[in-house]
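Below: data02.txt (compact mmCIF, C-alpha atoms)
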```txt
# COMPACT_ATOMS: atom_id res chain seq x y z
CA MET A 533 18.57 -3.67 -11.45
CA ALA A 534 18.69 -0.76 -13.84
CA ASN A 535 15.28 -1.60 -15.27
CA ASN A 536 13.39 0.87 -13.16
CA SER A 537 10.86 1.79 -15.82
CA LEU A 538 7.20 2.13 -15.01
CA SER A 539 6.22 -1.13 -16.68
CA SER A 540 8.89 -3.05 -14.82
CA VAL A 541 7.68 -1.60 -11.52
CA PHE A 542 4.15 -2.59 -12.45
CA PHE A 543 5.24 -6.18 -12.93
CA GLN A 544 7.35 -6.14 -9.76
CA VAL A 545 4.32 -5.10 -7.69
CA LEU A 546 2.21 -7.70 -9.45
CA LYS A 547 4.82 -10.38 -8.84
CA ARG A 548 5.16 -9.41 -5.20
CA ASP A 549 1.43 -9.59 -4.54
CA LEU A 550 1.11 -12.93 -6.31
CA THR A 551 4.10 -14.30 -4.36
CA LEU A 552 2.54 -13.12 -1.12
CA ALA A 553 -0.74 -14.77 -2.04
CA PHE A 554 0.93 -18.05 -2.87
CA ARG A 555 2.79 -18.04 0.44
CA HIS A 556 -0.60 -17.84 2.18
CA ARG A 557 -1.79 -21.01 0.56
CA GLY A 558 -4.49 -21.53 3.16
CA GLU A 559 -6.23 -18.30 2.30
CA ILE A 560 -5.81 -18.16 -1.44
CA ALA A 561 -8.71 -20.54 -2.15
CA ASN A 562 -11.14 -18.87 0.27
CA PRO A 563 -13.06 -16.68 -2.22
CA LEU A 564 -13.43 -19.60 -4.62
CA LEU A 565 -14.59 -21.97 -1.87
CA PHE A 566 -17.06 -19.39 -0.62
CA PHE A 567 -18.42 -19.01 -4.16
CA ILE A 568 -18.82 -22.76 -4.63
CA ILE A 569 -20.35 -23.34 -1.20
CA VAL A 570 -22.93 -20.56 -1.51
CA VAL A 571 -24.05 -21.66 -4.95
CA SER A 572 -24.18 -25.35 -4.09
CA LEU A 573 -26.33 -24.67 -1.02
CA PHE A 574 -29.18 -23.34 -3.16
CA PRO A 575 -30.29 -26.66 -4.67
CA LEU A 576 -30.46 -27.98 -1.10
CA GLY A 577 -32.41 -24.99 0.12
CA VAL A 578 -34.95 -24.45 -2.65
CA GLY A 579 -35.24 -28.06 -3.76
CA PRO A 580 -33.76 -29.78 -6.79
CA THR A 581 -36.55 -28.88 -9.25
CA PRO A 582 -34.79 -28.15 -12.56
CA SER A 583 -37.27 -25.46 -13.66
CA THR A 584 -36.89 -23.43 -10.43
CA LEU A 585 -33.11 -23.73 -10.37
CA GLU A 586 -32.84 -22.83 -14.04
CA THR A 587 -34.73 -19.56 -13.43
CA ILE A 588 -32.70 -18.47 -10.44
CA ALA A 589 -29.30 -19.78 -11.60
CA PRO A 590 -27.96 -16.55 -13.19
CA GLY A 591 -28.93 -14.49 -10.18
CA ILE A 592 -27.46 -16.92 -7.67
CA ILE A 593 -24.16 -17.27 -9.48
CA TRP A 594 -23.83 -13.51 -9.89
CA VAL A 595 -24.78 -12.69 -6.29
CA ALA A 596 -22.35 -15.31 -5.02
CA ALA A 597 -19.56 -13.91 -7.22
CA LEU A 598 -20.31 -10.41 -5.96
CA LEU A 599 -20.26 -11.42 -2.29
CA SER A 600 -17.12 -13.45 -2.75
CA ALA A 601 -15.40 -10.45 -4.35
CA MET A 602 -16.53 -8.23 -1.51
CA LEU A 603 -15.29 -10.59 1.19
CA SER A 604 -11.89 -10.79 -0.44
CA LEU A 605 -11.44 -7.00 -0.69
CA ASP A 606 -10.00 -6.76 2.80
CA GLY A 607 -6.90 -8.61 1.71
CA MET A 608 -6.06 -6.05 -0.94
CA PHE A 609 -4.50 -3.33 1.25
CA ARG A 610 -5.05 -4.38 4.87
CA SER A 611 -1.84 -6.28 5.54
CA ASP A 612 0.23 -3.72 3.62
CA PHE A 613 -1.33 -0.98 5.72
CA GLU A 614 -0.65 -2.76 8.99
CA ASP A 615 3.03 -3.50 8.40
CA GLY A 616 3.86 -0.12 6.89
CA SER A 617 4.42 -1.38 3.34
CA LEU A 618 1.59 0.78 2.07
CA GLU A 619 3.44 3.90 3.24
CA GLN A 620 6.52 2.70 1.41
CA ILE A 621 4.47 2.19 -1.73
CA THR A 622 2.86 5.63 -1.50
CA MET A 623 6.32 7.13 -1.07
CA SER A 624 7.57 5.76 -4.35
CA HIS A 625 8.40 8.30 -7.02
CA HIS A 626 6.36 6.25 -9.48
CA PRO A 627 2.71 7.24 -9.96
CA LEU A 628 0.73 5.61 -7.18
CA SER A 629 -2.18 4.91 -9.52
CA VAL A 630 -0.03 2.57 -11.61
CA LEU A 631 1.23 0.69 -8.56
CA VAL A 632 -2.33 0.45 -7.28
CA LEU A 633 -3.52 -0.88 -10.63
CA ALA A 634 -0.94 -3.67 -10.33
CA LYS A 635 -2.27 -4.54 -6.89
CA ILE A 636 -5.85 -4.58 -8.21
CA LEU A 637 -4.82 -6.82 -11.09
CA ALA A 638 -3.13 -9.21 -8.66
CA HIS A 639 -6.26 -9.21 -6.53
CA TRP A 640 -8.41 -10.06 -9.53
CA LEU A 641 -6.06 -12.82 -10.72
CA ILE A 642 -6.25 -14.42 -7.28
CA THR A 643 -9.91 -13.92 -6.41
CA GLY A 644 -11.80 -13.19 -9.64
CA LEU A 645 -10.20 -15.36 -12.28
CA PRO A 646 -10.79 -18.72 -10.52
CA LEU A 647 -14.52 -17.94 -10.43
CA LEU A 648 -14.61 -17.97 -14.24
CA PHE A 649 -13.48 -21.59 -14.24
CA ALA A 650 -15.84 -22.70 -11.49
CA ALA A 651 -18.89 -20.88 -12.86
CA PRO A 652 -19.72 -23.26 -15.75
CA LEU A 653 -19.58 -26.24 -13.40
CA LEU A 654 -21.92 -24.51 -10.99
CA GLY A 655 -24.11 -23.64 -13.97
CA VAL A 656 -24.45 -27.34 -14.69
CA LEU A 657 -25.31 -27.93 -11.03
CA LEU A 658 -28.17 -25.44 -11.36
CA TYR A 659 -29.43 -26.74 -14.73
CA LEU A 660 -28.41 -23.57 -16.52
CA PRO A 661 -29.05 -24.17 -20.25
CA SER A 662 -25.84 -24.80 -22.14
CA GLU A 663 -26.55 -21.84 -24.49
CA ALA A 664 -26.14 -19.50 -21.53
CA MET A 665 -22.76 -20.89 -20.40
CA LYS A 666 -20.74 -18.80 -22.80
CA THR A 667 -22.56 -15.64 -21.75
CA LEU A 668 -22.10 -16.52 -18.08
CA VAL A 669 -18.34 -16.78 -18.48
CA ILE A 670 -18.11 -13.64 -20.63
CA THR A 671 -20.17 -11.53 -18.24
CA LEU A 672 -18.13 -12.76 -15.28
CA ALA A 673 -14.91 -12.09 -17.19
CA LEU A 674 -16.06 -8.50 -17.74
CA GLY A 675 -17.80 -8.07 -14.40
CA THR A 676 -15.39 -9.46 -11.80
CA PRO A 677 -12.59 -7.01 -12.73
CA ILE A 678 -15.11 -4.20 -12.19
CA LEU A 679 -15.83 -5.61 -8.74
CA SER A 680 -12.11 -5.54 -7.89
CA LEU A 681 -11.62 -2.06 -9.35
CA VAL A 682 -14.60 -0.48 -7.59
CA GLY A 683 -13.90 -2.38 -4.39
CA ALA A 684 -10.36 -1.01 -4.34
CA ILE A 685 -11.67 2.55 -3.98
CA GLY A 686 -13.80 1.58 -0.99
CA MET A 687 -11.00 -0.48 0.49
CA GLY A 688 -8.56 2.39 0.10
CA LEU A 689 -10.94 4.65 2.01
CA THR A 690 -11.65 2.22 4.85
CA VAL A 691 -8.21 0.63 5.27
CA GLY A 692 -7.31 3.06 8.04
CA LEU A 693 -10.36 2.11 10.12
CA LYS A 694 -10.21 -0.67 12.67
CA ARG A 695 -13.58 -2.13 11.70
CA GLY A 696 -14.26 -0.87 8.24
CA GLY A 697 -16.13 -3.99 7.10
CA VAL A 698 -19.69 -2.72 7.33
CA LEU A 699 -18.79 0.71 6.03
CA LEU A 700 -17.01 -0.91 3.11
CA SER A 701 -20.15 -2.86 2.18
CA LEU A 702 -22.24 0.29 2.41
CA LEU A 703 -19.84 2.18 0.18
CA VAL A 704 -19.25 -0.48 -2.38
CA LEU A 705 -22.49 -2.44 -2.71
CA PRO A 706 -24.52 0.34 -4.38
CA LEU A 707 -21.77 0.64 -6.97
CA TYR A 708 -21.84 -3.12 -7.56
CA ILE A 709 -25.55 -3.17 -8.34
CA PRO A 710 -25.34 -2.10 -12.03
CA VAL A 711 -22.83 -4.87 -12.65
CA LEU A 712 -25.11 -7.37 -10.94
CA ILE A 713 -28.15 -6.25 -12.92
CA PHE A 714 -26.50 -6.28 -16.34
CA GLY A 715 -24.52 -9.45 -15.64
CA SER A 716 -27.41 -11.58 -14.45
CA MET A 717 -29.83 -10.11 -17.00
CA ALA A 718 -27.48 -11.03 -19.81
CA VAL A 719 -27.31 -14.63 -18.61
CA ASN A 720 -31.11 -14.75 -18.25
CA GLU A 721 -31.62 -13.50 -21.79
CA ALA A 722 -29.05 -15.93 -23.13
CA ALA A 723 -30.86 -18.78 -21.39
CA ALA A 724 -34.05 -17.64 -23.12
CA GLY A 725 -32.23 -17.67 -26.46
CA LEU A 726 -32.21 -13.89 -26.95
CA ALA A 727 -29.39 -11.63 -28.13
CA VAL A 728 -27.14 -10.34 -25.34
CA ASP A 729 -24.82 -8.01 -27.25
CA GLY A 730 -26.27 -4.92 -25.59
CA TYR A 731 -25.52 -6.16 -22.09
CA ILE A 732 -22.01 -7.19 -23.06
CA TYR A 733 -21.38 -3.73 -24.50
CA ILE A 734 -22.60 -2.04 -21.35
CA LEU A 735 -20.46 -4.27 -19.14
CA SER A 736 -17.44 -3.59 -21.38
CA ALA A 737 -18.12 0.13 -21.14
CA LEU A 738 -18.37 -0.10 -17.36
CA LEU A 739 -15.10 -2.02 -17.29
CA MET A 740 -13.32 0.62 -19.38
CA PHE A 741 -14.80 3.37 -17.25
CA THR A 742 -13.70 1.83 -13.94
CA LEU A 743 -10.36 0.72 -15.37
CA SER A 744 -9.49 4.28 -16.29
CA LEU A 745 -10.80 6.04 -13.18
CA SER A 746 -10.55 3.58 -10.31
CA PRO A 747 -6.72 3.58 -10.02
CA ILE A 748 -6.73 7.37 -9.71
CA ALA A 749 -9.52 7.36 -7.13
CA THR A 750 -7.91 4.48 -5.21
CA ALA A 751 -4.54 6.25 -5.15
CA ALA A 752 -6.21 9.35 -3.73
CA SER A 753 -8.14 7.35 -1.15
CA ILE A 754 -4.97 5.56 -0.02
CA ARG A 755 -3.19 8.87 0.43
CA ILE A 756 -6.06 9.97 2.66
CA SER A 757 -5.95 6.75 4.66
CA THR A 758 -2.20 6.79 5.27
CA SER A 759 -2.22 10.37 6.53
CA MET B 105 20.44 28.29 -4.87
CA GLU B 106 18.38 26.21 -2.49
CA ASN B 107 20.02 22.87 -1.88
CA GLY B 108 18.38 21.52 1.24
CA LEU B 109 15.14 20.73 2.95
CA LYS B 110 13.35 23.64 4.52
CA THR B 111 10.13 24.19 6.41
CA VAL B 112 8.35 27.50 6.36
CA ASN B 113 6.03 28.40 9.25
CA LEU B 114 4.98 24.80 9.67
CA GLU B 115 2.02 24.15 11.91
CA CYS B 116 0.55 20.83 12.95
CA ILE B 117 -2.72 20.37 14.82
CA ARG B 118 -3.84 17.00 16.06
CA GLY B 119 -7.31 16.82 17.52
CA ASP B 120 -7.68 20.21 19.20
CA ARG B 121 -4.06 20.52 20.28
CA ILE B 122 -1.42 22.53 18.50
CA LEU B 123 1.66 20.30 18.42
CA PHE B 124 3.87 22.94 16.94
CA SER B 125 3.48 26.11 14.97
CA ASN B 126 5.70 28.55 13.09
CA LEU B 127 8.34 25.89 12.85
CA ASN B 128 11.19 26.90 10.57
CA ILE B 129 13.88 24.32 10.03
CA GLU B 130 16.53 24.30 7.40
CA ILE B 131 18.74 21.33 6.85
CA THR B 132 21.43 21.25 4.20
CA PRO B 133 23.24 18.28 2.64
CA GLY B 134 25.77 16.62 4.90
CA ASN B 135 23.86 17.15 8.13
CA ILE B 136 22.03 15.12 10.73
CA LEU B 137 19.08 16.61 12.55
CA GLN B 138 17.79 14.90 15.64
CA ILE B 139 14.26 15.77 16.74
CA GLU B 140 13.87 15.60 20.50
CA GLY B 141 11.08 16.01 22.99
CA ARG B 142 8.88 14.03 25.33
CA ASN B 143 6.40 11.44 24.11
CA GLY B 144 3.46 12.91 22.30
CA CYS B 145 5.06 16.25 21.51
CA GLY B 146 4.76 15.70 17.77
CA LYS B 147 8.04 14.12 16.71
CA THR B 148 6.42 11.44 14.59
CA SER B 149 3.93 13.95 13.20
CA LEU B 150 6.77 16.21 12.13
CA LEU B 151 8.52 13.33 10.37
CA ARG B 152 5.31 12.31 8.63
CA LEU B 153 4.81 15.90 7.50
CA LEU B 154 8.34 15.91 6.13
CA CYS B 155 7.51 12.70 4.27
CA GLY B 156 4.43 14.25 2.73
CA LEU B 157 2.34 11.48 4.30
CA MET B 158 0.43 14.10 6.28
CA LEU B 159 -0.42 17.59 5.15
CA PRO B 160 0.52 20.52 7.38
CA ASN B 161 -2.32 22.66 8.73
CA GLU B 162 -0.27 25.68 7.86
CA GLY B 163 3.03 26.33 6.11
CA ASP B 164 5.10 24.64 3.43
CA ILE B 165 7.92 22.19 3.12
CA LEU B 166 10.46 22.98 0.42
CA TRP B 167 12.99 20.65 -1.15
CA LEU B 168 15.51 22.37 -3.42
CA GLY B 169 13.18 25.35 -3.28
CA ASP B 170 10.14 23.45 -4.56
CA ASN B 171 7.07 22.66 -2.49
CA ILE B 172 7.05 18.92 -1.86
CA ALA B 173 3.29 18.68 -2.19
CA LYS B 174 3.60 19.94 -5.76
CA GLU B 175 6.80 18.20 -6.89
CA ARG B 176 5.95 14.93 -5.21
CA ALA B 177 7.64 12.52 -7.64
CA GLU B 178 10.86 14.49 -7.63
CA TYR B 179 10.90 14.66 -3.83
CA TYR B 180 10.04 11.01 -3.31
CA ALA B 181 12.90 10.02 -5.60
CA ALA B 182 15.18 11.59 -2.99
CA VAL B 183 13.55 10.34 0.23
CA SER B 184 13.63 7.13 2.16
CA TYR B 185 11.40 6.76 5.20
CA LEU B 186 11.51 4.29 8.04
CA GLY B 187 8.61 4.59 10.42
CA HIS B 188 7.49 2.71 13.52
CA HIS B 189 6.50 -0.13 11.25
CA ASN B 190 9.29 -1.76 9.37
CA GLY B 191 7.47 -1.76 6.05
CA ILE B 192 8.79 -5.20 5.21
CA LYS B 193 6.66 -8.20 4.34
CA GLU B 194 7.02 -11.07 6.79
CA GLU B 195 6.30 -13.65 4.12
CA LEU B 196 9.11 -12.45 1.87
CA THR B 197 12.79 -13.08 2.48
CA ALA B 198 15.19 -10.28 3.36
CA LEU B 199 16.50 -10.31 -0.19
CA GLU B 200 13.04 -10.19 -1.79
CA ASN B 201 12.11 -7.30 0.48
CA LEU B 202 15.17 -5.36 -0.61
CA LEU B 203 14.57 -6.12 -4.28
CA PHE B 204 11.06 -4.77 -3.97
CA SER B 205 12.28 -1.61 -2.23
CA GLN B 206 14.70 -1.13 -5.09
CA ALA B 207 11.87 -1.45 -7.57
CA LEU B 208 10.01 1.37 -5.85
CA ALA B 209 12.90 3.82 -5.67
CA PRO B 210 15.78 4.99 -7.85
CA THR B 211 18.61 2.57 -7.33
CA LYS B 212 22.34 3.01 -7.17
CA ASP B 213 24.23 1.22 -9.90
CA GLY B 214 26.08 -1.90 -8.93
CA VAL B 215 24.75 -2.33 -5.42
CA ASP B 216 25.44 -5.74 -4.02
CA LEU B 217 22.46 -6.63 -1.85
CA TYR B 218 24.34 -9.53 -0.28
CA ALA B 219 27.08 -7.12 0.80
CA ILE B 220 24.50 -4.76 2.29
CA LEU B 221 22.85 -7.54 4.24
CA ALA B 222 26.26 -8.78 5.39
CA ARG B 223 27.13 -5.29 6.58
CA LEU B 224 24.03 -5.36 8.77
CA SER B 225 25.03 -8.77 10.17
CA LEU B 226 22.35 -10.56 8.21
CA SER B 227 24.55 -12.84 6.15
CA GLY B 228 23.12 -16.32 6.22
CA PHE B 229 19.60 -14.91 6.67
CA GLU B 230 19.15 -13.64 3.10
CA ASP B 231 16.76 -16.37 2.02
CA ILE B 232 14.78 -16.87 5.19
CA PRO B 233 11.25 -15.44 5.32
CA CYS B 234 11.36 -12.40 7.58
CA ARG B 235 8.73 -13.81 9.92
CA HIS B 236 11.38 -16.22 11.22
CA LEU B 237 13.74 -13.36 12.07
CA SER B 238 13.96 -11.65 15.45
CA ALA B 239 12.60 -8.14 16.00
CA GLY B 240 16.09 -6.66 15.79
CA GLN B 241 16.88 -8.54 12.61
CA LYS B 242 13.65 -7.31 11.01
CA ARG B 243 14.66 -3.77 11.91
CA ARG B 244 18.01 -4.42 10.24
CA VAL B 245 16.27 -5.58 7.07
CA ALA B 246 14.27 -2.35 7.11
CA LEU B 247 17.45 -0.31 7.62
CA ALA B 248 19.16 -2.20 4.79
CA ARG B 249 16.61 -0.55 2.51
CA LEU B 250 18.35 2.78 3.09
CA LEU B 251 21.57 1.46 1.63
CA ALA B 252 19.89 -0.26 -1.30
CA THR B 253 18.47 2.92 -2.82
CA LYS B 254 19.84 6.23 -3.95
CA ALA B 255 17.76 8.29 -1.53
CA LYS B 256 19.56 11.36 -0.29
CA ILE B 257 17.24 12.22 2.57
CA TRP B 258 16.71 9.59 5.24
CA ILE B 259 13.77 10.21 7.53
CA LEU B 260 13.93 7.77 10.40
CA ASP B 261 11.50 7.34 13.27
CA GLU B 262 13.24 5.59 16.17
CA PRO B 263 15.61 3.65 13.90
CA PHE B 264 17.34 1.95 16.82
CA THR B 265 14.26 0.22 18.20
CA ALA B 266 15.07 -3.43 19.01
CA LEU B 267 18.70 -3.09 17.91
CA ASP B 268 21.51 -4.31 20.15
CA ARG B 269 24.42 -2.09 21.16
CA LYS B 270 26.65 -3.37 18.38
CA GLY B 271 23.88 -2.82 15.87
CA ILE B 272 23.45 0.78 16.97
CA ALA B 273 27.18 1.41 16.51
CA GLU B 274 27.02 -0.12 13.03
CA ILE B 275 24.10 2.08 12.06
CA GLU B 276 25.86 5.17 13.43
CA ALA B 277 28.82 4.36 11.19
CA ILE B 278 26.45 4.08 8.24
CA PHE B 279 24.93 7.47 9.16
CA GLU B 280 28.37 9.09 9.17
CA GLU B 281 29.12 7.65 5.75
CA HIS B 282 25.82 8.90 4.40
CA VAL B 283 26.30 12.47 5.57
CA ALA B 284 29.91 12.39 4.37
CA THR B 285 28.59 11.82 0.85
CA GLY B 286 26.21 14.76 1.11
CA GLY B 287 23.18 12.99 2.54
CA ILE B 288 20.63 14.38 4.94
CA ILE B 289 19.37 12.45 7.96
CA ILE B 290 16.42 13.52 10.05
CA LEU B 291 15.65 11.22 12.92
CA THR B 292 14.02 10.83 16.28
CA THR B 293 15.65 8.67 18.89
CA HIS B 294 15.96 8.49 22.65
CA HIS B 295 19.40 7.05 22.27
CA PRO B 296 22.21 9.64 22.55
CA LEU B 297 23.68 9.71 19.07
CA LYS B 298 27.46 9.27 18.91
CA VAL B 299 28.37 11.18 15.81
CA ASP B 300 30.67 14.07 15.04
CA SER B 301 29.23 17.38 16.23
CA ASP B 302 30.39 19.13 13.04
CA TYR B 303 27.32 18.04 11.16
CA TYR B 304 25.02 17.14 14.02
CA SER B 305 22.27 19.39 15.32
CA SER B 306 19.19 18.78 17.36
CA LEU B 307 15.80 20.36 17.67
CA ASN B 308 13.70 20.13 20.79
CA LEU B 309 10.06 20.39 19.84
CA GLU B 310 8.98 20.93 23.44
CA LEU B 311 11.30 23.87 24.01
CA ASN B 312 10.30 25.21 20.64
CA MET B 313 6.67 25.16 21.65
CA GLU B 314 7.37 26.69 25.10
CA SER B 315 9.37 29.55 23.63
CA LYS B 316 6.47 30.21 21.28
CA MET B 317 4.09 30.35 24.22
CA VAL B 318 6.35 32.78 26.07
CA GLU B 319 6.50 34.93 22.98
CA ALA B 320 2.74 34.85 22.73
CA HIS B 321 2.32 35.93 26.34
CA THR B 322 4.77 38.80 26.23
```
Structure rendered as structure tokens:
Amino acid sequence: MANNSLSSVFFQVLKRDLTLAFRHRGEIANPLLFFIIVVSLFPLGVGPTPSTLETIAPGIIWVAALLSAMLSLDGMFRSDFEDGSLEQITMSHHPLSVLVLAKILAHWLITGLPLLFAAPLLGVLLYLPSEAMKTLVITLALGTPILSLVGAIGMGLTVGLKRGGVLLSLLVLPLYIPVLIFGSMAVNEAAAGLAVDGYIYILSALLMFTLSLSPIATAASIRISTS
Amino acid sequence: MENGLKTVNLECIRGDRILFSNLNIEITPGNILQIEGRNGCGKTSLLRLLCGLMLPNEGDILWLGDNIAKERAEYYAAVSYLGHHNGIKEELTALENLLFSQALAPTKDGVDLYAILARLSLSGFEDIPCRHLSAGQKRRVALARLLATKAKIWILDEPFTALDRKGIAEIEAIFEEHVATGGIIILTTHHPLKVDSDYYSSLNLELNMESKMVEAHT
């Protein structure tokens, strides 16, 4: 009980959010299912021609990952806001940005991480060349945390609104676009057998940038929403 | 030496209505302050201002002489708030909820959470997800949070909602204990509080506002 240090609080928040997610077993798989369904509809829609699918595969997988991340954002703070837990969290004497970072990490572990495992299988479904698989997983590993981090700012701002869904998309989507461009471009280049280091570096830089600033911005936006 | 919670010329405007202005309250350790007034006169707003959840339009709130907006971490280490919402997770058990509250706030040494829950007549319900509890029992879990942490100032918005008569008496006993150890309680309730008048005072926001208006007219 005495271990009230910042790192222990971080893990307590993380543990709590993961526990909550696992007690909602019905909902936990939703982002992953959405991702798989959207991607697997494309071969049915555009026809099973390998050359067509191969060209559009990186874009489809990335767009589906982005939409699935956006749909899952609502779960990050909504229920905590509605039952008053978010007020309790903002009234902790620990820095809110650290607590928020734990919540974002939990969100990513639940909604982003599973996509990394499903993506190669969906790549096979879309005839993505095997040389591009590694790049696909790496870009998603770097990109999906950015989606959670940036989405958290928008979610923090709109959590107080009854129907913040559309506004959230408007706020967050423009910020997602660089990730989408660099992520899908990297996979395209890898499929063509070119070097992708540059894209990976840019995505890593974006991740570091959002990782350092998003918790602060999210904490501020939550304080605005709870007032 | 400042040792209490103090408001200086506090003003709160909601929409285009002034709920209260030039409000000066001082509450020192070992006292209970009950905020009274009709619905919509700004009781909850005042409590939320005191929690730092809302910012005042005018004026300052001082804890131990420091502005709470500036020394937020220090102030929050001393405050526990219970609002209209219980702030407990329905999916977690009573015990898990308390453990999490303890993680967020400075904790007393050697608190026995089972004993706290038993004191609030929740023994036997420790490991049941809160969604299976009744409204009154959920409120008790939320109130148990007060005892689980070291917070000196309790800010409570209608703490007796959904509690039965016996529950209210139990909570009143807990209040008396808290102020006896130098705690501060600020609450709103429509229930007449049965506590010793030595440390009890009340503030009627409505009258406060009316007297201001009279002053303004004269």
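In this structure, CA of Gly655 (chain A) sits 6.9 Å away from CA of Ala589 (chain A).
For chain B, the residues no farther than 6 Å from chain A when using all atoms listed in the file are Leu157, Met158, Ala177, Tyr180, Ala181, His189, Gly191, Ala207, Leu208 and Ala209 of chain B.
Going from CA of Leu585 (chain A) to CA of Gly683 (chain A) covers 29.3 Å.
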d(CA of Val570 (chain A), CA of Ile592 (chain A)) in Å: 8.5 Å
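The smallest atom-to-atom distance between Tyr708 (chain A) and any of A:Leu657, A:Leu599, A:Ile670, A:Leu647, using all atoms listed in the file, is found for A:Leu599.
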Ref. answer, residues at most 12 Å from (-23.0, -16.9, -21.1) with all atoms listed in the file, as a ChimeraX atom specification: /A:589-590,593-594,648,651-652,655,660-674,715-729,731-732
Output the selection as a PDB file, in the coordinates of the input - C-alpha atoms for each residue.
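Here's the written file selection-v5.pdb:
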```pdb
ATOM      1  CA  ALA A 589     -29.300 -19.780 -11.600  1.00  0.00           C
ATOM      2  CA  PRO A 590     -27.960 -16.550 -13.190  1.00  0.00           C
ATOM      3  CA  ILE A 593     -24.160 -17.270  -9.480  1.00  0.00           C
ATOM      4  CA  TRP A 594     -23.830 -13.510  -9.890  1.00  0.00           C
ATOM      5  CA  LEU A 648     -14.610 -17.970 -14.240  1.00  0.00           C
ATOM      6  CA  ALA A 651     -18.890 -20.880 -12.860  1.00  0.00           C
ATOM      7  CA  PRO A 652     -19.720 -23.260 -15.750  1.00  0.00           C
ATOM      8  CA  GLY A 655     -24.110 -23.640 -13.970  1.00  0.00           C
ATOM      9  CA  LEU A 660     -28.410 -23.570 -16.520  1.00  0.00           C
ATOM     10  CA  PRO A 661     -29.050 -24.170 -20.250  1.00  0.00           C
ATOM     11  CA  SER A 662     -25.840 -24.800 -22.140  1.00  0.00           C
ATOM     12  CA  GLU A 663     -26.550 -21.840 -24.490  1.00  0.00           C
ATOM     13  CA  ALA A 664     -26.140 -19.500 -21.530  1.00  0.00           C
ATOM     14  CA  MET A 665     -22.760 -20.890 -20.400  1.00  0.00           C
ATOM     15  CA  LYS A 666     -20.740 -18.800 -22.800  1.00  0.00           C
ATOM     16  CA  THR A 667     -22.560 -15.640 -21.750  1.00  0.00           C
ATOM     17  CA  LEU A 668     -22.100 -16.520 -18.080  1.00  0.00           C
ATOM     18  CA  VAL A 669     -18.340 -16.780 -18.480  1.00  0.00           C
ATOM     19  CA  ILE A 670     -18.110 -13.640 -20.630  1.00  0.00           C
ATOM     20  CA  THR A 671     -20.170 -11.530 -18.240  1.00  0.00           C
ATOM     21  CA  LEU A 672     -18.130 -12.760 -15.280  1.00  0.00           C
ATOM     22  CA  ALA A 673     -14.910 -12.090 -17.190  1.00  0.00           C
ATOM     23  CA  LEU A 674     -16.060  -8.500 -17.740  1.00  0.00           C
ATOM     24  CA  GLY A 715     -24.520  -9.450 -15.640  1.00  0.00           C
ATOM     25  CA  SER A 716     -27.410 -11.580 -14.450  1.00  0.00           C
ATOM     26  CA  MET A 717     -29.830 -10.110 -17.000  1.00  0.00           C
ATOM     27  CA  ALA A 718     -27.480 -11.030 -19.810  1.00  0.00           C
ATOM     28  CA  VAL A 719     -27.310 -14.630 -18.610  1.00  0.00           C
ATOM     29  CA  ASN A 720     -31.110 -14.750 -18.250  1.00  0.00           C
ATOM     30  CA  GLU A 721     -31.620 -13.500 -21.790  1.00  0.00           C
ATOM     31  CA  ALA A 722     -29.050 -15.930 -23.130  1.00  0.00           C
ATOM     32  CA  ALA A 723     -30.860 -18.780 -21.390  1.00  0.00           C
ATOM     33  CA  ALA A 724     -34.050 -17.640 -23.120  1.00  0.00           C
ATOM     34  CA  GLY A 725     -32.230 -17.670 -26.460  1.00  0.00           C
ATOM     35  CA  LEU A 726     -32.210 -13.890 -26.950  1.00  0.00           C
ATOM     36  CA  ALA A 727     -29.390 -11.630 -28.130  1.00  0.00           C
ATOM     37  CA  VAL A 728     -27.140 -10.340 -25.340  1.00  0.00           C
ATOM     38  CA  ASP A 729     -24.820  -8.010 -27.250  1.00  0.00           C
ATOM     39  CA  TYR A 731     -25.520  -6.160 -22.090  1.00  0.00           C
ATOM     40  CA  ILE A 732     -22.010  -7.190 -23.060  1.00  0.00           C
TER      41      ILE A 732
END
```
Pick from A:Leu693, A:Val571, A:Leu546, A:Leu641 nearest to Ile588 (chain A), counting all atoms listed in the file: A:Val571
Polymer residues at most 10 Å from Gly730 (chain A), all atoms listed in the file, same-chain spacing of 4 or more positions, as a count of residues only: 5
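Residues in contact with Ile272 (chain B) at up to 12 Å, not including ones fewer than 4 positions away on its chain and judged by all atoms listed in the file, are Leu224, Ser225, Gly240, Arg243, Arg244, Leu247, Glu262, Pro263, Phe264, Thr265, Ala266, Leu267, Asp268, Glu276, Ala277, Ile278, Phe279, Thr293, His295, Pro296, Leu297, Lys298 and Val299 of chain B.
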Given 8 Å of margin on each side, can you work out the centre and size in Å (one decimal) of an axis-aligned box holding every listed atom of region 606-618 of chain A, as JSON?
```
{"center_x": -2.8, "center_y": -3.9, "center_z": 4.0, "size_x": 30.4, "size_y": 25.4, "size_z": 25.9}
```
Long-range neighbours of region 116-132 of chain B as a ChimeraX atom specification, 6 Å cut-off, only C-alpha atoms, 6 positions minimum in chain: /B:108-110,146,160-161,313
Best match for closeness to Arg152 (chain B) among B:Leu309, B:Ile259, B:Ala284, B:Ala222, counting only C-alpha atoms: B:Ile259
